[in-house]
file final29.cif (mmCIF, C-alpha atoms)
data_protein
loop_
_atom_site.label_atom_id
_atom_site.label_comp_id
_atom_site.auth_asym_id
_atom_site.auth_seq_id
_atom_site.Cartn_x
_atom_site.Cartn_y
_atom_site.Cartn_z
CA MET A 227 98.07 135.60 34.96
CA LYS A 228 101.47 136.87 35.76
CA LEU A 229 102.67 136.41 39.30
CA THR A 230 104.36 139.46 40.65
CA ARG A 231 106.69 139.34 43.58
CA ARG A 232 104.10 140.81 45.90
CA GLN A 233 101.54 138.07 45.25
CA LYS A 234 101.52 135.23 47.72
CA VAL A 235 102.28 131.79 46.29
CA PRO A 236 99.41 129.54 47.31
CA GLU A 237 100.19 126.88 49.84
CA ILE A 238 99.28 123.25 49.12
CA GLU A 239 96.80 122.10 51.73
CA ALA A 240 98.32 118.98 53.33
CA GLY A 241 95.75 118.50 56.07
CA SER A 242 93.87 115.68 54.36
CA MET A 243 97.03 113.82 53.24
CA SER A 244 96.85 111.62 56.35
CA SER A 245 93.31 110.48 55.55
CA ILE A 246 94.38 109.68 51.96
CA ALA A 247 97.27 107.62 53.31
CA PHE A 248 94.97 105.71 55.68
CA LEU A 249 92.48 104.99 52.92
CA LEU A 250 95.19 103.61 50.62
CA MET A 251 96.52 101.45 53.45
CA LEU A 252 93.03 100.11 54.13
CA PHE A 253 92.54 99.32 50.47
CA PHE A 254 95.74 97.30 50.26
CA ILE A 255 95.01 95.48 53.56
CA VAL A 256 91.61 94.40 52.24
CA LEU A 257 93.22 93.32 48.96
CA CYS A 258 95.98 91.28 50.60
CA SER A 259 93.76 89.59 53.19
CA VAL A 260 91.80 87.88 50.41
CA ASN A 261 94.94 85.80 49.66
CA ALA A 262 94.44 83.56 52.69
CA ASP A 263 96.66 80.54 53.23
CA THR A 264 94.28 77.61 53.10
CA GLY A 265 94.70 73.94 52.40
CA ILE A 266 94.34 70.38 53.65
CA ALA A 267 96.79 69.62 56.43
CA ARG A 268 98.42 66.21 56.65
CA ARG A 269 101.20 64.56 58.60
CA LEU A 270 103.64 62.39 56.66
CA PRO A 271 104.96 59.18 58.21
CA PRO A 272 108.64 59.22 59.19
CA VAL A 273 111.05 57.26 56.99
CA VAL A 274 111.71 53.86 58.49
CA THR A 275 115.11 52.39 57.67
CA LYS A 276 114.87 49.17 59.63
CA VAL A 277 111.56 47.44 60.18
CA ASN A 278 112.21 45.26 63.21
CA HIS A 279 108.65 44.81 64.37
CA PRO A 280 106.37 45.57 61.45
CA VAL A 281 103.12 47.05 62.62
CA VAL A 282 100.42 44.51 61.90
CA ILE A 283 97.03 45.91 61.03
CA ALA A 284 93.97 43.70 61.07
CA PRO A 285 92.17 43.85 57.72
CA ARG A 286 88.95 44.99 59.38
CA ASN A 287 90.74 48.10 60.70
CA LEU A 288 92.15 49.12 57.34
CA LEU A 289 90.35 51.03 54.61
CA ASN A 290 92.29 50.99 51.38
CA VAL A 291 91.65 54.00 49.15
CA TYR A 292 93.38 53.70 45.78
CA ILE A 293 93.33 56.08 42.80
CA THR A 294 94.50 54.77 39.42
CA SER A 295 96.22 56.69 36.62
CA ASN A 296 92.83 56.98 34.94
CA ASN A 297 91.55 58.75 38.07
CA GLU A 298 89.37 55.79 39.02
CA LEU A 299 88.63 55.37 42.70
CA TYR A 300 88.91 52.01 44.43
CA CYS A 301 87.75 51.60 48.02
CA ASN A 302 88.88 48.24 49.47
CA HIS A 303 89.45 46.99 45.90
CA GLN A 304 85.91 47.93 44.88
CA LEU A 305 85.39 50.52 42.16
CA ILE A 306 83.24 53.39 43.46
CA GLY A 307 82.36 56.91 42.37
CA PHE A 308 83.90 59.96 44.04
CA GLY A 309 80.50 60.92 45.45
CA GLU A 310 80.13 57.59 47.28
CA LEU A 311 83.45 57.79 49.10
CA ARG A 312 82.22 60.07 51.89
CA ASP A 313 79.47 57.69 53.03
CA HIS A 314 81.77 54.66 52.85
CA VAL A 315 84.33 56.45 55.01
CA LYS A 316 81.74 57.66 57.52
CA LEU A 317 80.40 54.13 57.94
CA PHE A 318 83.95 52.84 58.35
CA ILE A 319 84.87 55.40 61.02
CA GLN A 320 81.64 55.14 62.96
CA ASN A 321 80.83 51.39 62.76
CA PRO A 322 77.51 52.08 64.47
CA GLU A 323 76.32 48.47 64.62
CA ASN A 324 79.69 47.01 65.66
CA ASP A 325 79.94 45.07 62.41
CA PRO A 326 82.82 42.53 62.64
CA SER A 327 83.96 43.43 59.11
CA LEU A 328 84.40 47.08 60.16
CA PRO A 329 86.96 48.51 62.64
CA GLU A 330 86.92 47.19 66.17
CA LYS A 331 85.62 49.49 68.85
CA THR A 332 87.46 50.04 72.11
CA GLU A 333 86.07 51.63 75.22
CA ILE A 334 87.90 54.83 76.13
CA ILE A 335 87.14 57.66 78.51
CA ILE A 336 86.59 61.04 76.88
CA PRO A 337 85.98 64.24 78.89
CA TYR A 338 82.36 65.47 78.59
CA PHE A 339 81.28 62.05 77.22
CA GLY A 340 82.46 59.56 79.80
CA SER A 341 83.05 56.01 78.67
CA GLU A 342 82.45 55.58 74.93
CA LEU A 343 83.09 52.94 72.26
CA VAL A 344 85.41 54.45 69.68
CA THR A 345 87.17 52.96 66.64
CA VAL A 346 90.63 53.95 67.89
CA LYS A 347 92.47 51.50 65.67
CA HIS A 348 90.97 52.41 62.31
CA ILE A 349 93.37 53.49 59.57
CA ILE A 350 92.59 54.91 56.15
CA SER A 351 95.38 54.30 53.69
CA VAL A 352 95.52 56.55 50.63
CA GLN A 353 97.59 55.42 47.66
CA CYS A 354 97.79 56.51 44.08
CA GLU A 355 99.70 55.81 40.89
CA ARG A 356 102.29 58.09 39.35
CA GLY A 357 99.92 59.10 36.58
CA THR A 358 97.03 60.13 38.84
CA LYS A 359 95.97 63.75 38.49
CA TYR A 360 96.66 65.98 41.49
CA GLN A 361 93.12 67.37 41.53
CA ALA A 362 91.76 63.80 41.90
CA TYR A 363 94.12 63.18 44.83
CA VAL A 364 93.08 66.46 46.48
CA ASP A 365 89.42 65.52 45.90
CA VAL A 366 89.93 62.24 47.77
CA GLN A 367 91.73 63.97 50.66
CA ASN A 368 88.91 66.52 50.67
CA GLU A 369 86.25 63.79 50.88
CA LEU A 370 88.10 62.14 53.78
CA ASN A 371 88.26 65.45 55.66
CA ALA A 372 84.59 66.04 54.84
CA ALA A 373 83.62 62.66 56.32
CA TYR A 374 85.42 63.41 59.60
CA ASN A 375 84.08 66.99 59.71
CA GLU A 376 80.49 65.87 59.13
CA LEU A 377 80.70 63.26 61.90
CA ARG A 378 82.23 65.80 64.27
CA LYS A 379 79.64 68.44 63.43
CA SER A 380 76.71 66.09 63.99
CA LEU A 381 78.24 64.96 67.31
CA ALA A 382 78.61 68.59 68.43
CA ARG A 383 74.98 69.23 67.48
CA ARG A 384 73.73 66.13 69.33
CA LYS A 385 75.71 66.82 72.48
CA TRP A 386 75.64 70.60 72.86
CA GLY A 387 73.22 71.79 70.18
CA LYS A 388 75.90 74.08 68.76
CA ASP A 389 78.01 74.12 65.63
CA PHE A 390 81.49 72.59 66.03
CA SER A 391 83.17 75.96 65.49
CA GLU A 392 81.17 77.47 68.38
CA LEU A 393 82.49 75.00 70.95
CA THR A 394 85.21 75.79 73.43
CA GLU A 395 88.69 74.44 72.75
CA LYS A 396 88.34 71.65 75.35
CA GLN A 397 84.99 70.60 73.89
CA GLN A 398 86.51 70.56 70.41
CA ILE A 399 89.41 68.39 71.62
CA ALA A 400 86.90 65.96 73.16
CA VAL A 401 84.96 65.72 69.89
CA CYS A 402 88.23 65.15 68.01
CA GLN A 403 89.09 62.34 70.43
CA TYR A 404 85.77 60.72 69.59
CA TYR A 405 86.57 60.78 65.86
CA PRO A 406 90.37 60.96 65.53
CA ILE A 407 91.76 61.55 62.06
CA ARG A 408 93.87 58.51 61.20
CA ILE A 409 94.98 58.79 57.60
CA SER A 410 98.13 57.05 56.48
CA GLU A 411 100.08 57.60 53.31
CA ALA A 412 102.51 54.76 53.91
CA GLU A 413 102.60 51.27 52.51
CA PRO A 414 100.24 49.21 54.65
CA ILE A 415 101.35 45.76 55.85
CA ARG A 416 98.50 43.32 56.10
CA GLU A 417 98.20 40.72 58.84
CA GLY A 418 100.37 37.69 58.19
CA GLY A 419 103.40 39.70 57.21
CA ASP A 420 102.94 40.00 53.46
CA LYS A 421 102.78 43.46 51.90
CA MET B 186 90.31 155.22 53.00
CA ASN B 187 92.49 154.77 49.96
CA ARG B 188 94.68 152.28 51.81
CA ARG B 189 91.68 150.05 52.59
CA PHE B 190 90.77 149.80 48.93
CA LYS B 191 94.30 148.99 47.89
CA ARG B 192 94.51 146.05 50.28
CA SER B 193 91.34 144.49 49.06
CA GLN B 194 92.54 144.83 45.45
CA ARG B 195 95.66 142.75 46.08
CA HIS B 196 94.76 139.47 44.47
CA GLU B 197 95.89 136.29 46.15
CA LEU B 198 95.85 133.09 44.23
CA PRO B 199 93.36 130.82 45.93
CA SER B 200 95.13 127.75 47.32
CA LEU B 201 94.00 124.35 46.14
CA ASN B 202 92.21 122.48 48.85
CA PHE B 203 91.96 118.71 48.97
CA PHE B 204 88.99 118.54 51.29
CA ALA B 205 86.91 116.48 48.84
CA LEU B 206 89.70 114.04 47.90
CA PRO B 207 89.08 111.46 50.67
CA ASP B 208 85.42 111.31 49.66
CA ILE B 209 86.35 110.66 46.03
CA LEU B 210 88.79 107.95 47.12
CA PHE B 211 86.10 106.35 49.33
CA ILE B 212 83.79 106.13 46.33
CA LEU B 213 86.54 104.62 44.16
CA ILE B 214 87.49 102.02 46.79
CA PHE B 215 83.87 100.98 47.35
CA PHE B 216 83.47 100.63 43.61
CA PHE B 217 86.50 98.31 43.35
CA VAL B 218 85.49 96.26 46.41
CA LEU B 219 81.98 95.71 45.13
CA SER B 220 82.99 94.90 41.59
CA SER B 221 85.83 92.49 42.40
CA HIS B 222 85.27 88.78 42.96
CA VAL B 223 87.49 85.72 43.35
CA ARG B 224 88.34 84.24 39.97
CA GLN B 225 87.73 80.53 39.54
CA GLY B 226 90.94 78.52 39.52
CA ASN B 227 92.88 81.36 41.07
CA THR B 228 96.54 81.27 40.22
CA HIS B 229 99.32 81.49 42.77
CA SER B 230 102.70 82.21 41.22
CA GLY B 231 101.82 80.57 37.92
CA VAL B 232 100.10 77.52 39.40
CA SER B 233 96.46 76.70 38.70
CA MET B 234 95.37 75.77 42.22
CA PRO B 235 93.10 72.80 42.91
CA LEU B 236 89.74 73.40 44.52
CA ALA B 237 88.53 71.88 47.78
CA SER B 238 85.69 72.45 50.21
CA GLU B 239 87.16 71.26 53.52
CA LEU B 240 89.91 73.81 53.94
CA GLN B 241 91.87 74.56 57.08
CA GLN B 242 93.76 77.72 57.86
CA VAL B 243 97.48 77.29 58.36
CA ASP B 244 98.30 77.56 62.08
CA LYS B 245 99.33 81.11 62.97
CA ARG B 246 102.38 79.91 64.88
CA ALA B 247 103.57 77.85 61.92
CA TYR B 248 106.74 78.54 59.97
CA VAL B 249 105.52 78.04 56.44
CA VAL B 250 107.82 77.10 53.58
CA TYR B 251 106.19 77.35 50.17
CA VAL B 252 107.09 74.55 47.80
CA THR B 253 105.62 74.99 44.34
CA ILE B 254 105.48 72.32 41.65
CA LYS B 255 104.62 73.54 38.20
CA GLN B 256 105.19 72.56 34.63
CA ASP B 257 107.94 74.28 32.73
CA LEU B 258 106.46 76.14 29.77
CA ASN B 259 109.18 75.10 27.33
CA THR B 260 110.15 71.57 28.28
CA HIS B 261 106.73 70.53 29.72
CA LYS B 262 108.51 68.82 32.58
CA PRO B 263 107.58 69.40 36.20
CA THR B 264 109.83 71.83 38.07
CA ILE B 265 110.10 72.25 41.81
CA TRP B 266 110.49 75.67 43.41
CA ILE B 267 111.23 76.30 47.06
CA GLU B 268 110.20 79.93 47.58
CA ASN B 269 111.20 81.45 44.24
CA LYS B 270 114.30 79.32 43.77
CA GLU B 271 114.24 76.35 41.48
CA VAL B 272 115.56 73.21 43.18
CA PRO B 273 116.19 69.88 41.42
CA LEU B 274 114.58 66.83 43.03
CA ASN B 275 117.86 65.38 44.32
CA ARG B 276 118.63 68.58 46.25
CA ILE B 277 115.31 68.98 48.05
CA THR B 278 116.23 66.88 51.08
CA ALA B 279 119.47 68.82 51.59
CA VAL B 280 117.79 72.22 51.25
CA MET B 281 114.99 71.32 53.65
CA LYS B 282 117.46 69.88 56.18
CA VAL B 283 119.32 73.21 56.16
CA ARG B 284 116.08 75.14 56.67
CA ARG B 285 114.99 72.84 59.47
CA SER B 286 118.32 73.05 61.29
CA ALA B 287 118.14 76.85 61.11
CA LEU B 288 115.17 76.73 63.48
CA GLU B 289 115.37 76.26 67.23
CA ILE B 290 114.60 72.72 68.39
CA ALA B 291 111.36 73.80 70.02
CA GLU B 292 110.26 75.61 66.86
CA ARG B 293 110.84 72.68 64.48
CA GLN B 294 107.47 71.10 65.24
CA TYR B 295 105.84 74.18 63.76
CA LEU B 296 107.57 73.84 60.42
CA VAL B 297 104.94 73.35 57.72
CA VAL B 298 105.48 72.92 54.02
CA SER B 299 102.66 74.35 51.92
CA LEU B 300 102.56 72.32 48.71
CA ARG B 301 101.30 74.40 45.83
CA VAL B 302 100.87 72.04 42.93
CA ASP B 303 99.19 72.66 39.63
CA LYS B 304 95.91 70.79 39.57
CA ASP B 305 96.75 68.97 36.34
CA MET B 306 100.12 67.75 37.61
CA THR B 307 100.62 63.99 37.85
CA MET B 308 101.23 62.45 41.26
CA GLY B 309 104.65 60.97 40.40
CA VAL B 310 106.55 64.20 41.12
CA VAL B 311 104.41 64.97 44.16
CA SER B 312 105.17 61.53 45.66
CA ASP B 313 108.89 62.07 45.04
CA VAL B 314 108.79 65.48 46.74
CA LYS B 315 106.88 64.02 49.70
CA LEU B 316 109.49 61.29 50.08
CA ALA B 317 112.28 63.88 49.94
CA LEU B 318 110.51 65.89 52.66
CA ARG B 319 110.13 62.78 54.82
CA GLN B 320 113.86 62.11 54.47
CA ALA B 321 114.53 65.65 55.68
CA LYS B 322 112.25 64.94 58.68
CA VAL B 323 109.78 67.60 57.55
CA LEU B 324 106.50 65.82 58.25
CA ASN B 325 103.87 68.54 58.44
CA ILE B 326 102.50 69.38 55.05
CA CYS B 327 99.51 71.24 53.74
CA TYR B 328 98.03 70.61 50.30
CA ALA B 329 97.25 74.18 49.30
CA ALA B 330 93.88 74.62 47.66
CA MET B 331 91.37 77.32 46.90
CA PRO B 332 87.78 77.30 48.12
CA GLU B 333 85.23 75.96 45.65
CA PRO B 334 83.05 78.72 44.25
CA ASP B 335 79.43 78.47 45.38
#
call {"tool": "encode", "arguments": {"input": "final29.cif", "output": "structure tokens"}}
result
Amino acid sequence: MKLTRRQKVPEIEAGSMSSIAFLLMLFFIVLCSVNADTGIARRLPPVVTKVNHPVVIAPRNLLNVYITSNNELYCNHQLIGFGELRDHVKLFIQNPENDPSLPEKTEIIIPYFGSELVTVKHIISVQCERGTKYQAYVDVQNELNAAYNELRKSLARRKWGKDFSELTEKQQIAVCQYYPIRISEAEPIREGGDK
Amino acid sequence: MNRRFKRSQRHELPSLNFFALPDILFILIFFFVLSSHVRQGNTHSGVSMPLASELQQVDKRAYVVYVTIKQDLNTHKPTIWIENKEVPLNRITAVMKVRRSALEIAERQYLVVSLRVDKDMTMGVVSDVKLALRQAKVLNICYAAMPEPD
């Protein structure tokens, strides 16, 4: 159909362009928010140049977790399976029966709980060999976090009947004081001075 | 009367209207959202990420530096990348010291290094990188991992 000069050239309707733009923006926001930054947080020990007063840790307060190059797991020099680690760690942190071979319990005052016996001096030392696979190392760190999280969740349930994530920030801090995360990645020095 | 007929006979090209386009786009987007799912062993910049169940979100106030350790495809040796730039092991401490000093003193406690390591990597390189970070006084790290599929 031939356009003559008298015929009006049709205008392109741009009214719905804004809604198209918003939809595209929404699509890309949904797409990008799936890429969340998640991981297992840890704090590394500072580098010590001079060890004047080496920190002495009583053997009962130390849990040695060691992963070999063959991805075998040793807990206090005992070979265990990855699935057993969580229960070992939970028992170590909690020491419910005040076992003398497990960490010593000290009485501290925690808000919302009052005076409680807590294993404030416990330390979990994680070491591995150069040939250990990274996934195995992450699995161990994951199990340690899981042990602490399970203890904290059950405490929140017992005390307030709510899930840990539903507590207020002050309540969460109190629960974390009850079960503090004490994981070390440094070379532990056993009592008596020998490494 | 003749004039009235002439006006109605002037043909105007009907303009294209896009009224239905947002609806079509809605349908397309819903289709993609419903049909997409997280792939197992999701890759981040060429790294096959490890899986973990107890994951924590990186603190919103944190200044995150992404350190990636992956295997070179040709030499099969581990390579270390600090945010898209390859850095040899002996230069990591220097680079991180520069980054740390670029922050205000009050902000330095929020500096976090997100370690993205291939899940089949051996721990030797990772331990070396961690020691280099400790020497640069960068102590907050996060072992990046993906959630385990249900």
call {"tool": "interface_residues", "arguments": {"input": "final29.cif", "of": "chain B", "to": "chain A", "cutoff": "6 Å", "atoms": "all atoms listed in the file", "output": "list of chain:residue names"}}
result
B:Glu197, B:Leu198, B:Ser200, B:Asn202, B:Pro207, B:Pro235, B:Glu239, B:Leu240, B:Gln241, B:Gln242, B:Lys304, B:Asp305, B:Met306, B:Thr307, B:Met308, B:Gly309, B:Arg319, B:Leu324, B:Asn325, B:Ile326, B:Cys327, B:Tyr328, B:Ala329, B:Ala330
call {"tool": "atom_distance", "arguments": {"input": "final29.cif", "atom1": "atom CA of B:Asn259", "atom2": "atom CA of A:Thr294"}}
result
27.8 Å
call {"tool": "resolve_selection", "arguments": {"input": "final29.cif", "expression": "the PyMOL selection byres ((chain B and resi 268-283) around 10)", "output": "mmCIF file with C-alpha atoms, keeping the file's coordinate frame"}}
result
data_model
loop_
_atom_site.group_PDB
_atom_site.id
_atom_site.type_symbol
_atom_site.label_atom_id
_atom_site.label_comp_id
_atom_site.auth_asym_id
_atom_site.auth_seq_id
_atom_site.Cartn_x
_atom_site.Cartn_y
_atom_site.Cartn_z
ATOM 1 C CA SER B 230 102.700 82.210 41.220
ATOM 2 C CA VAL B 250 107.820 77.100 53.580
ATOM 3 C CA TYR B 251 106.190 77.350 50.170
ATOM 4 C CA VAL B 252 107.090 74.550 47.800
ATOM 5 C CA THR B 253 105.620 74.990 44.340
ATOM 6 C CA ILE B 254 105.480 72.320 41.650
ATOM 7 C CA THR B 264 109.830 71.830 38.070
ATOM 8 C CA ILE B 265 110.100 72.250 41.810
ATOM 9 C CA TRP B 266 110.490 75.670 43.410
ATOM 10 C CA ILE B 267 111.230 76.300 47.060
ATOM 11 C CA ARG B 284 116.080 75.140 56.670
ATOM 12 C CA ARG B 285 114.990 72.840 59.470
ATOM 13 C CA SER B 286 118.320 73.050 61.290
ATOM 14 C CA ALA B 287 118.140 76.850 61.110
ATOM 15 C CA LEU B 288 115.170 76.730 63.480
ATOM 16 C CA VAL B 298 105.480 72.920 54.020
ATOM 17 C CA VAL B 310 106.550 64.200 41.120
ATOM 18 C CA ASP B 313 108.890 62.070 45.040
ATOM 19 C CA VAL B 314 108.790 65.480 46.740
ATOM 20 C CA LYS B 315 106.880 64.020 49.700
ATOM 21 C CA LEU B 316 109.490 61.290 50.080
ATOM 22 C CA ALA B 317 112.280 63.880 49.940
ATOM 23 C CA LEU B 318 110.510 65.890 52.660
ATOM 24 C CA ARG B 319 110.130 62.780 54.820
ATOM 25 C CA GLN B 320 113.860 62.110 54.470
ATOM 26 C CA ALA B 321 114.530 65.650 55.680
ATOM 27 C CA LYS B 322 112.250 64.940 58.680
ATOM 28 C CA VAL B 323 109.780 67.600 57.550
#
call {"tool": "closest_residue", "arguments": {"input": "final29.cif", "among": "B:Leu219, B:Ile209, B:Val249, B:Ile214", "to": "B:Leu300", "atoms": "all atoms listed in the file"}}
result
B:Val249
call {"tool": "residues_around", "arguments": {"input": "final29.cif", "residues": "B:Glu333", "least_positions_apart": "4", "cutoff": "6 Å", "atoms": "only C-alpha atoms", "output": "PyMOL selection string"}}
result
chain B and resi 236-238
call {"tool": "write_last_selection", "arguments": {"input": "final29.cif", "atoms": "C-alpha atoms", "output": "mmCIF file, in the coordinates of the input"}}
result
data_model
loop_
_atom_site.group_PDB
_atom_site.id
_atom_site.type_symbol
_atom_site.label_atom_id
_atom_site.label_comp_id
_atom_site.auth_asym_id
_atom_site.auth_seq_id
_atom_site.Cartn_x
_atom_site.Cartn_y
_atom_site.Cartn_z
ATOM 1 C CA LEU B 236 89.740 73.400 44.520
ATOM 2 C CA ALA B 237 88.530 71.880 47.780
ATOM 3 C CA SER B 238 85.690 72.450 50.210
#
call {"tool": "residues_around", "arguments": {"input": "final29.cif", "residues": "B:Asp303", "least_positions_apart": "5", "cutoff": "6 Å", "atoms": "all atoms listed in the file", "output": "list in words"}}
result
Val232, Ser233, Met234 and Lys255 of chain B
call {"tool": "residues_around", "arguments": {"input": "final29.cif", "residues": "A:Lys347", "least_positions_apart": "5", "cutoff": "9 Å", "atoms": "only C-alpha atoms", "output": "list in words"}}
result
Ile283, Asn287, Leu288, Pro329, Glu330, Lys331, Thr332 and Arg408 of chain A
call {"tool": "atom_distance", "arguments": {"input": "final29.cif", "atom1": "atom CA of A:Glu395", "atom2": "atom CA of B:Ala247"}}
result
18.7 Å
call {"tool": "resolve_selection", "arguments": {"input": "final29.cif", "expression": "the PyMOL selection byres ((chain A and resi 328) around 10)", "output": "list in words"}}
result
Pro285, Arg286, Asn287, Leu288, Leu289, Leu317, Phe318, Ile319, Gln320, Asn321, Pro322, Glu323, Asn324, Asp325, Pro326, Ser327, Pro329, Glu330, Lys331, Thr345 and His348 of chain A
call {"tool": "write_last_selection", "arguments": {"input": "final29.cif", "atoms": "C-alpha atoms", "output": "PDB file, keeping the file's coordinate frame"}}
result
ATOM      1  CA  PRO A 285      92.170  43.850  57.720  1.00  0.00           C
ATOM      2  CA  ARG A 286      88.950  44.990  59.380  1.00  0.00           C
ATOM      3  CA  ASN A 287      90.740  48.100  60.700  1.00  0.00           C
ATOM      4  CA  LEU A 288      92.150  49.120  57.340  1.00  0.00           C
ATOM      5  CA  LEU A 289      90.350  51.030  54.610  1.00  0.00           C
ATOM      6  CA  LEU A 317      80.400  54.130  57.940  1.00  0.00           C
ATOM      7  CA  PHE A 318      83.950  52.840  58.350  1.00  0.00           C
ATOM      8  CA  ILE A 319      84.870  55.400  61.020  1.00  0.00           C
ATOM      9  CA  GLN A 320      81.640  55.140  62.960  1.00  0.00           C
ATOM     10  CA  ASN A 321      80.830  51.390  62.760  1.00  0.00           C
ATOM     11  CA  PRO A 322      77.510  52.080  64.470  1.00  0.00           C
ATOM     12  CA  GLU A 323      76.320  48.470  64.620  1.00  0.00           C
ATOM     13  CA  ASN A 324      79.690  47.010  65.660  1.00  0.00           C
ATOM     14  CA  ASP A 325      79.940  45.070  62.410  1.00  0.00           C
ATOM     15  CA  PRO A 326      82.820  42.530  62.640  1.00  0.00           C
ATOM     16  CA  SER A 327      83.960  43.430  59.110  1.00  0.00           C
ATOM     17  CA  PRO A 329      86.960  48.510  62.640  1.00  0.00           C
ATOM     18  CA  GLU A 330      86.920  47.190  66.170  1.00  0.00           C
ATOM     19  CA  LYS A 331      85.620  49.490  68.850  1.00  0.00           C
ATOM     20  CA  THR A 345      87.170  52.960  66.640  1.00  0.00           C
ATOM     21  CA  HIS A 348      90.970  52.410  62.310  1.00  0.00           C
TER      22      HIS A 348
END
call {"tool": "atom_distance", "arguments": {"input": "final29.cif", "atom1": "atom CA of A:Glu376", "atom2": "atom CA of A:Ser341"}}
result
22.0 Å
call {"tool": "residues_around", "arguments": {"input": "final29.cif", "residues": "A:Phe390", "least_positions_apart": "3", "cutoff": "8 Å", "atoms": "all atoms listed in the file", "output": "JSON list (two decimals) with C-alpha atoms, in the coordinates of the input"}}
result
[["chain", "number", "residue", "atom", "x", "y", "z"],
["A", 378, "ARG", "CA", 82.23, 65.80, 64.27],
["A", 379, "LYS", "CA", 79.64, 68.44, 63.43],
["A", 382, "ALA", "CA", 78.61, 68.59, 68.43],
["A", 383, "ARG", "CA", 74.98, 69.23, 67.48],
["A", 393, "LEU", "CA", 82.49, 75.00, 70.95],
["A", 398, "GLN", "CA", 86.51, 70.56, 70.41]]
call {"tool": "axis_aligned_box", "arguments": {"input": "final29.cif", "around": "stretch 194-206 of chain B", "padding_each_side": "8 Å", "output": "JSON"}}
result
{"center_x": 91.4, "center_y": 129.4, "center_z": 47.8, "size_x": 25.0, "size_y": 46.8, "size_z": 23.1}
call {"tool": "resolve_selection", "arguments": {"input": "final29.cif", "expression": "the PyMOL selection byres ((chain A and resi 352) around 8)", "output": "compact mmCIF listing (two decimals) with C-alpha atoms, in the frame of the given file"}}
result
# COMPACT_ATOMS: atom_id res chain seq x y z
CA ASN A 290 92.29 50.99 51.38
CA VAL A 291 91.65 54.00 49.15
CA TYR A 292 93.38 53.70 45.78
CA ILE A 350 92.59 54.91 56.15
CA SER A 351 95.38 54.30 53.69
CA GLN A 353 97.59 55.42 47.66
CA CYS A 354 97.79 56.51 44.08
CA ILE A 409 94.98 58.79 57.60
CA SER A 410 98.13 57.05 56.48
CA GLU A 411 100.08 57.60 53.31
CA ALA A 412 102.51 54.76 53.91
call {"tool": "closest_residue", "arguments": {"input": "final29.cif", "among": "B:Val243, B:Val218, B:Gln256, B:Lys262", "to": "B:Leu296", "atoms": "all atoms listed in the file"}}
result
B:Val243
call {"tool": "decode", "arguments": {"input": "final29.cif", "residues": "stretch 380-397 of chain A", "atoms": "C-alpha atoms", "output": "PDB file, in the first residue's frame"}}
result
ATOM      1  CA  SER A 380      17.505 -26.757  71.477  1.00  0.00           C
ATOM      2  CA  LEU A 381      18.394 -24.222  74.193  1.00  0.00           C
ATOM      3  CA  ALA A 382      16.185 -21.588  72.536  1.00  0.00           C
ATOM      4  CA  ARG A 383      13.348 -24.114  72.367  1.00  0.00           C
ATOM      5  CA  ARG A 384      13.748 -25.131  76.018  1.00  0.00           C
ATOM      6  CA  LYS A 385      13.942 -21.584  77.320  1.00  0.00           C
ATOM      7  CA  TRP A 386      11.512 -19.628  75.149  1.00  0.00           C
ATOM      8  CA  GLY A 387       9.735 -22.266  73.071  1.00  0.00           C
ATOM      9  CA  LYS A 388      10.772 -20.475  69.883  1.00  0.00           C
ATOM     10  CA  ASP A 389      13.205 -21.175  67.092  1.00  0.00           C
ATOM     11  CA  PHE A 390      16.626 -19.508  67.481  1.00  0.00           C
ATOM     12  CA  SER A 391      16.018 -17.265  64.476  1.00  0.00           C
ATOM     13  CA  GLU A 392      12.801 -15.930  66.063  1.00  0.00           C
ATOM     14  CA  LEU A 393      14.553 -14.625  69.180  1.00  0.00           C
ATOM     15  CA  THR A 394      15.432 -11.000  69.744  1.00  0.00           C
ATOM     16  CA  GLU A 395      19.035  -9.947  69.250  1.00  0.00           C
ATOM     17  CA  LYS A 396      19.719  -9.791  73.022  1.00  0.00           C
ATOM     18  CA  GLN A 397      18.244 -13.258  73.510  1.00  0.00           C
TER      19      GLN A 397
END
